[in-house]
file my_file.tsv (TSV, C-alpha atoms)
chain	number	residue	atom	x	y	z
A	357	MET	CA	-4.59	-50.55	36.22
A	358	LYS	CA	-0.81	-50.39	36.37
A	359	LEU	CA	1.04	-47.05	36.30
A	360	ASP	CA	2.64	-47.94	32.94
A	361	ASP	CA	-0.77	-48.71	31.49
A	362	ARG	CA	-2.15	-45.38	32.73
A	363	TYR	CA	0.81	-43.55	31.18
A	364	GLN	CA	0.36	-45.34	27.86
A	365	THR	CA	-3.38	-44.60	27.89
A	366	GLN	CA	-2.71	-40.91	28.55
A	367	THR	CA	-0.10	-40.82	25.80
A	368	VAL	CA	-2.51	-42.39	23.33
A	369	ARG	CA	-5.19	-39.87	24.26
A	370	GLU	CA	-2.76	-36.99	23.74
A	371	MET	CA	-1.78	-38.41	20.35
A	372	ILE	CA	-5.44	-38.69	19.35
A	373	ARG	CA	-6.14	-35.10	20.47
A	374	GLU	CA	-3.08	-33.86	18.58
A	375	ALA	CA	-4.08	-35.73	15.42
A	376	ARG	CA	-7.56	-34.22	15.63
A	377	SER	CA	-6.07	-30.75	16.16
A	378	VAL	CA	-3.80	-31.19	13.14
A	379	ARG	CA	-6.70	-32.34	10.96
A	380	LEU	CA	-9.00	-29.53	12.11
A	381	LYS	CA	-6.41	-26.76	11.68
A	382	SER	CA	-5.31	-28.14	8.30
A	383	PHE	CA	-8.92	-28.38	7.12
A	384	LEU	CA	-9.79	-24.84	8.22
A	385	GLY	CA	-6.52	-23.46	6.81
A	386	LEU	CA	-7.12	-25.15	3.45
A	387	ILE	CA	-10.70	-23.86	3.34
A	388	LEU	CA	-9.62	-20.27	4.08
A	389	CYS	CA	-6.74	-20.39	1.55
A	390	ALA	CA	-9.09	-21.89	-1.05
A	391	LEU	CA	-11.58	-19.07	-0.42
A	392	VAL	CA	-8.85	-16.47	-0.97
A	393	ILE	CA	-7.80	-18.12	-4.25
A	394	ALA	CA	-11.40	-18.55	-5.37
A	395	TRP	CA	-12.16	-14.91	-4.61
A	396	SER	CA	-9.23	-13.85	-6.82
A	397	PHE	CA	-10.82	-15.60	-9.80
A	398	MET	CA	-14.48	-14.96	-9.01
A	399	PRO	CA	-16.11	-13.19	-11.98
A	400	LEU	CA	-17.77	-10.35	-10.08
A	401	SER	CA	-18.22	-7.06	-11.91
A	402	ALA	CA	-16.29	-3.98	-10.86
A	403	GLN	CA	-19.62	-2.19	-10.50
A	404	SER	CA	-20.83	-4.78	-7.98
A	405	ILE	CA	-17.61	-4.53	-5.96
A	406	GLU	CA	-17.86	-0.74	-6.10
A	407	LYS	CA	-21.41	-0.69	-4.76
A	408	LEU	CA	-21.26	-3.48	-2.19
A	409	TYR	CA	-17.71	-3.17	-0.90
A	410	SER	CA	-15.79	-0.01	-1.88
A	411	GLN	CA	-18.75	2.31	-1.29
A	412	GLY	CA	-20.58	-0.01	1.08
A	413	PHE	CA	-18.77	-2.18	3.59
A	414	TYR	CA	-15.28	-0.66	3.35
A	415	PRO	CA	-16.18	2.94	4.39
A	416	GLN	CA	-18.08	1.57	7.38
A	417	LEU	CA	-15.12	-0.61	8.34
A	418	SER	CA	-12.72	2.35	8.06
A	419	ARG	CA	-14.73	4.27	10.65
A	420	PHE	CA	-13.92	1.53	13.13
A	421	LEU	CA	-10.32	0.70	12.15
A	422	VAL	CA	-8.86	4.19	11.62
A	423	PRO	CA	-9.75	5.63	15.04
A	424	LEU	CA	-8.48	2.40	16.60
A	425	SER	CA	-5.07	2.54	14.90
A	426	GLU	CA	-4.67	6.27	15.63
A	427	GLN	CA	-4.78	5.65	19.37
A	428	VAL	CA	-1.18	4.41	19.19
A	429	PRO	CA	1.66	6.26	17.40
A	430	LEU	CA	3.42	2.97	16.62
A	431	ASN	CA	2.58	0.78	13.65
A	432	LEU	CA	0.12	-1.67	15.16
A	433	SER	CA	-0.24	-3.75	11.98
A	434	LEU	CA	3.52	-4.21	11.66
A	435	MET	CA	3.81	-5.09	15.35
A	436	LEU	CA	1.04	-7.65	14.94
A	437	LEU	CA	2.70	-9.24	11.90
A	438	LEU	CA	6.09	-9.35	13.63
A	439	PHE	CA	4.48	-10.94	16.68
A	440	ILE	CA	2.82	-13.59	14.52
A	441	LEU	CA	6.13	-14.25	12.75
A	442	LEU	CA	8.03	-14.52	16.03
A	443	MET	CA	5.47	-16.89	17.54
A	444	ASN	CA	5.59	-19.12	14.46
A	445	VAL	CA	9.41	-19.24	14.46
A	446	LEU	CA	9.50	-20.11	18.16
A	447	ALA	CA	6.80	-22.72	17.66
A	448	LEU	CA	8.80	-24.22	14.77
A	449	PHE	CA	11.88	-24.77	16.92
A	450	ARG	CA	9.76	-26.22	19.71
A	451	ARG	CA	7.93	-28.65	17.40
A	452	LEU	CA	11.18	-29.67	15.72
A	453	ARG	CA	12.62	-30.63	19.10
A	454	GLN	CA	9.45	-32.56	19.87
A	455	ARG	CA	9.43	-34.12	16.38
A	456	ARG	CA	5.88	-32.85	15.85
A	457	LEU	CA	6.35	-30.79	12.71
A	458	GLY	CA	2.87	-31.65	11.43
A	459	LEU	CA	1.27	-29.73	14.27
A	460	TRP	CA	3.30	-26.62	13.39
A	461	LEU	CA	2.51	-26.92	9.67
A	462	SER	CA	-1.21	-27.13	10.38
A	463	HIS	CA	-0.99	-24.05	12.61
A	464	LEU	CA	0.97	-22.15	9.93
A	465	LEU	CA	-1.58	-23.06	7.27
A	466	LEU	CA	-4.42	-21.79	9.46
A	467	THR	CA	-2.50	-18.57	10.23
A	468	LEU	CA	-1.92	-17.89	6.52
A	469	GLY	CA	-5.57	-18.55	5.76
A	470	ILE	CA	-6.74	-16.09	8.44
A	471	LEU	CA	-4.28	-13.41	7.24
A	472	GLY	CA	-5.39	-13.90	3.63
A	473	ILE	CA	-9.10	-13.70	4.40
A	474	SER	CA	-8.66	-10.67	6.66
A	475	PHE	CA	-6.56	-8.94	3.98
A	476	MET	CA	-9.31	-9.34	1.39
A	477	LEU	CA	-12.03	-8.36	3.87
A	478	PHE	CA	-10.31	-5.31	5.35
A	479	TRP	CA	-8.87	-3.76	2.17
A	480	GLY	CA	-7.68	-6.08	-0.63
A	481	THR	CA	-11.06	-6.33	-2.36
A	482	ASN	CA	-10.52	-2.72	-3.49
A	483	TYR	CA	-8.26	-4.09	-6.23
A	484	LYS	CA	-11.42	-5.24	-7.99
A	485	ARG	CA	-13.31	-1.94	-7.81
A	486	GLN	CA	-13.85	0.54	-10.64
A	487	SER	CA	-10.69	2.49	-11.43
A	488	LEU	CA	-10.29	6.13	-10.48
A	489	SER	CA	-9.91	6.84	-14.20
A	490	SER	CA	-13.39	5.47	-14.87
A	491	HIS	CA	-14.84	7.59	-12.07
A	492	LEU	CA	-13.19	10.67	-13.58
A	493	LYS	CA	-14.19	9.56	-17.10
A	494	LEU	CA	-10.67	10.18	-18.37
A	495	ASP	CA	-9.67	9.90	-22.01
A	496	GLU	CA	-6.57	7.70	-21.85
A	497	ALA	CA	-5.33	8.35	-25.39
A	498	ALA	CA	-1.60	8.16	-26.08
A	499	ILE	CA	0.49	11.05	-24.79
A	500	SER	CA	1.88	13.41	-27.43
A	501	SER	CA	5.25	15.15	-27.15
A	502	GLN	CA	3.44	18.48	-27.07
A	503	GLU	CA	1.42	17.36	-24.06
A	504	LEU	CA	4.58	16.29	-22.25
A	505	ASP	CA	6.19	19.65	-22.96
A	506	SER	CA	3.08	21.50	-21.80
A	507	LEU	CA	2.92	19.51	-18.56
A	508	ALA	CA	6.64	19.95	-17.88
A	509	GLU	CA	6.35	23.72	-18.31
A	510	ALA	CA	3.28	23.90	-16.07
A	511	LEU	CA	5.10	21.91	-13.38
A	512	LEU	CA	8.14	24.16	-13.63
A	513	GLY	CA	5.85	27.14	-13.13
A	514	ILE	CA	4.47	25.66	-9.89
A	515	LEU	CA	7.95	24.75	-8.64
A	516	HIS	CA	9.15	28.31	-9.16
A	517	ARG	CA	6.06	29.92	-7.63
A	518	GLU	CA	6.04	27.67	-4.56
A	519	ALA	CA	9.80	27.23	-4.12
A	520	ASN	CA	10.01	29.45	-1.06
A	521	THR	CA	6.71	28.50	0.56
A	522	SER	CA	6.60	27.37	4.20
A	523	ARG	CA	7.56	23.69	4.51
A	524	ASP	CA	4.97	22.68	7.06
A	525	VAL	CA	4.47	18.95	6.55
A	526	ASP	CA	1.44	18.64	8.81
A	527	SER	CA	-0.40	21.49	7.10
A	528	ALA	CA	0.40	20.10	3.65
A	529	LEU	CA	-0.88	16.63	4.55
A	530	ALA	CA	-4.01	18.05	6.16
A	531	ALA	CA	-4.71	20.06	2.99
A	532	ASN	CA	-4.15	16.99	0.82
A	533	ARG	CA	-6.46	14.87	2.94
A	534	LEU	CA	-9.22	17.48	2.68
A	535	ALA	CA	-8.66	17.77	-1.07
A	536	MET	CA	-9.01	13.98	-1.45
A	537	GLU	CA	-12.25	13.94	0.50
A	538	ARG	CA	-13.57	16.89	-1.51
A	539	LEU	CA	-12.73	15.21	-4.83
A	540	LEU	CA	-14.32	11.90	-3.83
A	541	ARG	CA	-17.50	13.72	-2.86
A	542	GLU	CA	-17.49	15.57	-6.18
A	543	LEU	CA	-17.53	12.16	-7.89
A	544	ASN	CA	-20.89	11.49	-6.21
A	545	LEU	CA	-19.72	8.36	-4.45
A	546	GLN	CA	-22.45	7.12	-2.13
A	547	ASP	CA	-19.99	6.85	0.77
A	548	ILE	CA	-16.27	7.54	1.30
A	549	PRO	CA	-13.89	6.02	3.84
A	550	GLN	CA	-12.52	7.77	6.89
A	551	LEU	CA	-8.91	8.73	6.18
A	552	PRO	CA	-6.15	8.69	8.82
A	553	GLN	CA	-5.48	12.10	10.31
A	554	SER	CA	-1.73	11.45	10.22
A	555	VAL	CA	0.87	9.08	8.83
A	556	LYS	CA	3.29	6.97	10.85
A	557	GLU	CA	7.03	7.21	10.33
A	558	VAL	CA	9.03	4.02	9.88
A	559	PRO	CA	12.69	4.09	11.07
A	560	SER	CA	15.01	5.58	8.45
A	561	GLY	CA	15.89	3.17	5.67
A	562	LEU	CA	13.72	0.29	6.86
A	563	LEU	CA	11.25	0.43	3.98
A	564	LEU	CA	13.74	1.69	1.41
A	565	ARG	CA	16.21	-1.12	2.04
A	566	PHE	CA	14.09	-4.06	3.07
A	567	ALA	CA	10.82	-3.45	1.23
A	568	ASN	CA	12.05	-1.64	-1.90
A	569	SER	CA	9.50	1.05	-1.07
A	570	SER	CA	9.34	4.51	0.45
A	571	GLY	CA	5.88	4.04	1.94
A	572	VAL	CA	3.31	1.37	2.68
A	573	MET	CA	-0.32	1.23	3.71
A	574	MET	CA	-0.91	-1.64	6.13
A	575	PRO	CA	-4.32	-3.10	5.18
A	576	TRP	CA	-5.33	-4.67	8.49
A	577	LEU	CA	-5.66	-1.33	10.31
A	578	LEU	CA	-5.41	1.06	7.32
A	579	GLU	CA	-2.22	2.63	8.66
A	580	ALA	CA	-0.30	4.91	6.27
A	581	ASN	CA	3.46	4.58	6.83
A	582	VAL	CA	6.38	6.48	5.29
A	583	ASP	CA	10.13	5.94	5.59
A	584	ALA	CA	11.51	8.68	7.86
A	585	ALA	CA	14.66	9.00	5.72
A	586	LEU	CA	12.80	10.77	2.89
A	587	PRO	CA	13.40	14.49	2.27
A	588	VAL	CA	10.39	16.52	3.37
A	589	ALA	CA	8.97	17.19	-0.12
A	590	SER	CA	9.13	13.51	-1.04
A	591	PHE	CA	7.72	12.62	2.38
A	592	VAL	CA	4.60	14.74	1.75
A	593	HIS	CA	3.89	13.19	-1.64
A	594	VAL	CA	4.58	9.59	-0.56
A	595	ALA	CA	2.39	10.11	2.52
A	596	SER	CA	-0.39	11.39	0.26
A	597	HIS	CA	0.03	8.31	-1.94
A	598	GLU	CA	-0.46	6.05	1.10
A	599	LEU	CA	-3.49	8.08	2.20
A	600	ALA	CA	-4.92	7.48	-1.28
A	601	HIS	CA	-4.55	3.74	-0.66
A	602	SER	CA	-6.40	4.22	2.64
A	603	ALA	CA	-9.14	5.93	0.63
A	604	GLY	CA	-9.73	2.57	-1.03
A	605	PHE	CA	-7.79	2.92	-4.29
A	606	ALA	CA	-5.51	-0.10	-4.30
A	607	PRO	CA	-3.72	-0.10	-7.72
A	608	GLU	CA	-0.57	2.02	-7.66
A	609	ALA	CA	-1.50	4.19	-10.65
A	610	ASP	CA	-4.86	5.05	-9.06
A	611	ALA	CA	-3.25	5.95	-5.73
A	612	GLU	CA	-0.61	8.06	-7.45
A	613	LEU	CA	-3.22	9.91	-9.51
A	614	LEU	CA	-5.37	10.63	-6.46
A	615	ALA	CA	-2.33	11.85	-4.50
A	616	SER	CA	-1.35	14.16	-7.38
A	617	LEU	CA	-4.87	15.51	-7.83
A	618	ALA	CA	-5.07	16.22	-4.11
A	619	GLY	CA	-1.70	17.95	-4.09
A	620	PHE	CA	-2.35	20.20	-7.07
A	621	ASN	CA	-5.88	21.08	-5.94
A	622	SER	CA	-5.11	21.45	-2.23
A	623	GLY	CA	-4.52	25.20	-2.21
A	624	ASN	CA	-1.48	24.58	0.02
A	625	GLY	CA	1.80	25.86	-1.43
A	626	PHE	CA	4.03	23.11	-0.08
A	627	ALA	CA	1.57	20.34	-1.02
A	628	ARG	CA	1.46	21.74	-4.57
A	629	TYR	CA	5.27	21.95	-4.65
A	630	ALA	CA	5.64	18.33	-3.48
A	631	ALA	CA	3.14	17.08	-6.08
A	632	ALA	CA	4.82	19.11	-8.84
A	633	LEU	CA	8.28	17.81	-7.97
A	634	ALA	CA	7.12	14.17	-7.93
A	635	SER	CA	5.26	14.62	-11.23
A	636	PHE	CA	8.21	16.46	-12.80
A	637	GLN	CA	10.44	13.48	-11.98
A	638	ASP	CA	8.01	11.19	-13.83
A	639	VAL	CA	7.71	13.54	-16.79
A	640	SER	CA	11.47	13.99	-17.13
A	641	ALA	CA	11.94	10.22	-17.40
A	642	ALA	CA	9.62	10.20	-20.44
A	643	LEU	CA	11.36	13.08	-22.27
A	644	SER	CA	14.17	12.89	-24.78
A	645	GLU	CA	17.63	13.42	-23.31
A	646	ALA	CA	17.96	16.88	-24.84
A	647	LYS	CA	14.61	18.10	-23.49
A	648	ARG	CA	15.28	16.50	-20.13
A	649	GLU	CA	18.53	18.42	-19.77
A	650	LYS	CA	16.82	21.62	-20.87
A	651	TYR	CA	14.04	21.37	-18.28
A	652	LEU	CA	16.35	20.19	-15.51
A	653	ALA	CA	18.46	23.29	-16.02
A	654	GLU	CA	15.34	25.41	-15.49
A	655	LEU	CA	14.52	23.93	-12.09
A	656	PRO	CA	14.77	26.34	-9.15
A	657	SER	CA	17.82	25.61	-7.00
A	658	ILE	CA	15.78	24.34	-4.06
A	659	ALA	CA	14.04	21.79	-6.29
A	660	LYS	CA	17.44	20.60	-7.54
A	661	ASP	CA	18.54	20.22	-3.92
A	662	ASP	CA	15.40	18.22	-3.08
A	663	TRP	CA	15.89	15.99	-6.10
A	664	ASN	CA	19.56	15.37	-5.29
A	665	ALA	CA	18.69	14.68	-1.65
A	666	LEU	CA	16.22	12.00	-2.73
A	667	ILE	CA	18.83	10.41	-5.00
A	668	ALA	CA	21.37	10.42	-2.15
A	669	ILE	CA	18.90	8.80	0.26
A	670	SER	CA	17.92	6.18	-2.30
A	671	GLN	CA	21.57	5.30	-2.87
A	672	LYS	CA	22.36	5.26	0.85
A	673	TYR	CA	19.62	2.76	1.65
A	674	ALA	CA	19.69	0.82	-1.61
A	675	ALA	CA	19.22	-2.92	-1.13
A	676	PRO	CA	21.80	-5.33	-2.58
A	677	PRO	CA	21.01	-6.08	-6.25
A	678	TRP	CA	19.91	-9.66	-5.55
A	679	LEU	CA	17.52	-8.50	-2.82
A	680	ALA	CA	16.15	-5.62	-4.90
A	681	SER	CA	15.51	-8.00	-7.82
A	682	THR	CA	13.76	-10.48	-5.54
A	683	GLN	CA	11.63	-7.71	-4.01
A	684	ARG	CA	10.55	-6.48	-7.45
A	685	GLN	CA	9.63	-9.99	-8.59
A	686	LEU	CA	7.64	-10.70	-5.43
A	687	TYR	CA	5.75	-7.43	-5.60
A	688	ASP	CA	5.11	-7.88	-9.30
A	689	GLY	CA	3.66	-11.31	-8.59
A	690	TYR	CA	1.57	-9.94	-5.74
A	691	LEU	CA	0.07	-7.18	-7.93
A	692	ARG	CA	-0.73	-9.62	-10.73
A	693	SER	CA	-2.38	-11.97	-8.24
A	694	GLN	CA	-4.67	-9.09	-7.24
A	695	GLY	CA	-5.77	-8.50	-10.82
A	696	VAL	CA	-3.32	-5.73	-11.79
A	697	SER	CA	-2.54	-7.11	-15.24
A	698	ASN	CA	0.72	-5.25	-15.82
A	699	GLY	CA	2.07	-5.85	-12.32
A	700	ILE	CA	4.73	-3.46	-11.09
A	701	ALA	CA	4.60	-1.61	-14.42
A	702	ASN	CA	1.29	-0.18	-13.14
A	703	TYR	CA	3.37	2.57	-11.51
A	704	SER	CA	4.26	3.91	-14.96
A	705	ASP	CA	0.57	4.30	-15.88
A	706	SER	CA	0.32	7.24	-13.48
A	707	LEU	CA	1.88	9.65	-16.00
A	708	LYS	CA	-0.64	8.70	-18.68
A	709	LEU	CA	-3.46	9.25	-16.17
A	710	LEU	CA	-1.99	12.59	-15.06
A	711	VAL	CA	-1.87	13.85	-18.64
A	712	ALA	CA	-5.44	12.63	-19.19
A	713	ALA	CA	-6.53	14.50	-16.05
A	714	LYS	CA	-4.84	17.66	-17.34
A	715	ARG	CA	-6.67	17.32	-20.68
A	716	GLN	CA	-9.99	17.34	-18.88
A	717	ASN	CA	-9.12	20.15	-16.45
A	718	TRP	CA	-9.01	18.07	-13.28
A	719	LEU	CA	-5.69	19.70	-12.29
A	720	ASP	CA	-5.15	23.18	-10.90
A	721	LEU	CA	-1.78	23.99	-12.46
A	722	GLU	CA	-2.04	27.77	-12.23

call {"tool": "encode", "arguments": {"input": "my_file.tsv", "output": "structure tokens"}}
result
Amino acid sequence: MKLDDRYQTQTVREMIREARSVRLKSFLGLILCALVIAWSFMPLSAQSIEKLYSQGFYPQLSRFLVPLSEQVPLNLSLMLLLFILLMNVLALFRRLRQRRLGLWLSHLLLTLGILGISFMLFWGTNYKRQSLSSHLKLDEAAISSQELDSLAEALLGILHREANTSRDVDSALAANRLAMERLLRELNLQDIPQLPQSVKEVPSGLLLRFANSSGVMMPWLLEANVDAALPVASFVHVASHELAHSAGFAPEADAELLASLAGFNSGNGFARYAAALASFQDVSAALSEAKREKYLAELPSIAKDDWNALIAISQKYAAPPWLASTQRQLYDGYLRSQGVSNGIANYSDSLKLLVAAKRQNWLDLE
């Protein structure tokens, strides 16, 4: 056989192997993506998800993932995602030069399918579980103006009583974590997840500017992350919110309610202060302008300083309007795709749930 013939034969074999690789990766990627989409629309009951996943598989998985992620102070999930992104970008340029874009597209499709399946398996299925409200058996009737006034006054009382308490972030978070675990056990759940012992700080402004968020829970390793730019009181509450996500409560209103319940019932002065300040900000937004000004004037000076510091940080790291709008739309679409019917507006449900919890004496506001 001539050398040219051998070269042509080898080239043909490589082309056949590449075509098979493209077909196999594309097939597997499509199957995995189809499974993710099908799972989103599968008519399983919340009770079944609660029993089999949220109180079954997920707590067991957390006992493996949480100790693993806590071995390293850096955000392993974020590093993994950035590595995957970098490898795909480099592969894109290489395949473009080789004029083999199909091979890259098949690899990308398979990567997306694996990420989607692992997201649902490691945490995302919690979106379909029973709500925290149903576990607490809350009466979610409409909020009256009298209830708003009563809550605002109770929160002001906590802010004044705890204004000068020691601002030990680690102690506050430890108390909140214990309070979460205690509450979940009181609800007679058959099993509860292992919560991270600490949260990981993200470089100042990174989440605020580029993710339109002050904190995030990375689902692949259940890592709770908070933007380091936050003032300490806001840091404690946002960290508790992310720990609540790690506890398996995926919708934002559920996580916010669990974080607030933990803060108020923690017995730690600074944790209670942080929860009260965050809740007071939500309550003030729902009040009339006259009442809002009245209650704001009654805030202790340190609470006013904390509030103003948060506003200053938010303005400093604010994303450009076009980026902020895009971020909101993407996150709204993501939440709706996970079964949160009101999307990003789910955040606003937390006040209604907080008032309902107060009605039924789930909050220690004394």

call {"tool": "residues_around", "arguments": {"input": "my_file.tsv", "residues": "range 495-500 of chain A", "least_positions_apart": "5", "cutoff": "12 Å", "atoms": "all atoms listed in the file", "output": "PyMOL selection string"}}
result
chain A and resi 489-490+505-507+639+642-643+705-718

call {"tool": "atom_distance", "arguments": {"input": "my_file.tsv", "atom1": "CA of Ile440 in chain A", "atom2": "CA of Leu468 in chain A"}}
result
10.2 Å

call {"tool": "atom_distance", "arguments": {"input": "my_file.tsv", "atom1": "CA of Leu679 in chain A", "atom2": "CA of Phe605 in chain A"}}
result
27.8 Å

call {"tool": "residues_around", "arguments": {"input": "my_file.tsv", "residues": "range 400-412 of chain A", "least_positions_apart": "4", "cutoff": "6 Å", "atoms": "all atoms listed in the file", "output": "PyMOL selection string"}}
result
chain A and resi 484-486+547

call {"tool": "atom_distance", "arguments": {"input": "my_file.tsv", "atom1": "CA of Val392 in chain A", "atom2": "CA of Ser697 in chain A"}}
result
18.2 Å

call {"tool": "residues_around", "arguments": {"input": "my_file.tsv", "residues": "Ser474 in chain A", "least_positions_apart": "3", "cutoff": "12 Å", "atoms": "all atoms listed in the file", "output": "PyMOL selection string"}}
result
chain A and resi 388-389+391-392+467-471+477-481+574-577

call {"tool": "closest_atom_pairs", "arguments": {"input": "my_file.tsv", "of": "range 508-573 of chain A", "to": "range 646-658 of chain A", "cutoff": "7 Å", "atoms": "all atoms listed in the file", "output": "CSV"}}
result
residue,atom,partner,partner_atom,distance
A:Leu512,CA,A:Leu655,CA,6.6
A:His516,CA,A:Pro656,CA,6.0
A:Ala519,CA,A:Ile658,CA,6.6

call {"tool": "write_last_selection", "arguments": {"input": "my_file.tsv", "atoms": "C-alpha atoms", "output": "short mmCIF file (atom, residue, chain, number, x, y, z; two decimals), keeping the file's coordinate frame"}}
result
data_model
loop_
_atom_site.label_atom_id
_atom_site.label_comp_id
_atom_site.auth_asym_id
_atom_site.auth_seq_id
_atom_site.Cartn_x
_atom_site.Cartn_y
_atom_site.Cartn_z
CA LEU A 512 8.14 24.16 -13.63
CA HIS A 516 9.15 28.31 -9.16
CA ALA A 519 9.80 27.23 -4.12
#

call {"tool": "residues_around", "arguments": {"input": "my_file.tsv", "residues": "Val592 in chain A", "least_positions_apart": "3", "cutoff": "9 Å", "atoms": "all atoms listed in the file", "output": "count of residues only"}}
result
14

call {"tool": "closest_residue", "arguments": {"input": "my_file.tsv", "among": "A:Leu436, A:Leu515, A:Leu614, A:Leu424", "to": "Arg538 in chain A", "atoms": "all atoms listed in the file"}}
result
A:Leu614

call {"tool": "residues_around", "arguments": {"input": "my_file.tsv", "residues": "Leu539 in chain A", "least_positions_apart": "4", "cutoff": "8 Å", "atoms": "only C-alpha atoms", "output": "list in words"}}
result
Ala535, Leu543 and Ala618 of chain A

call {"tool": "closest_residue", "arguments": {"input": "my_file.tsv", "among": "A:Gly604, A:Gly619, A:Gly625, A:Pro423", "to": "Gln553 in chain A", "atoms": "only C-alpha atoms"}}
result
A:Pro423

call {"tool": "closest_residue", "arguments": {"input": "my_file.tsv", "among": "A:Tyr703, A:Arg565, A:Leu633, A:Ser640", "to": "Lys672 in chain A", "atoms": "all atoms listed in the file"}}
result
A:Arg565

call {"tool": "closest_residue", "arguments": {"input": "my_file.tsv", "among": "A:Ser590, A:Leu465, A:Met443, A:Ile700", "to": "Leu686 in chain A", "atoms": "all atoms listed in the file"}}
result
A:Ile700

call {"tool": "closest_residue", "arguments": {"input": "my_file.tsv", "among": "A:His491, A:Arg628, A:His593, A:Arg684", "to": "Asp720 in chain A", "atoms": "all atoms listed in the file"}}
result
A:Arg628
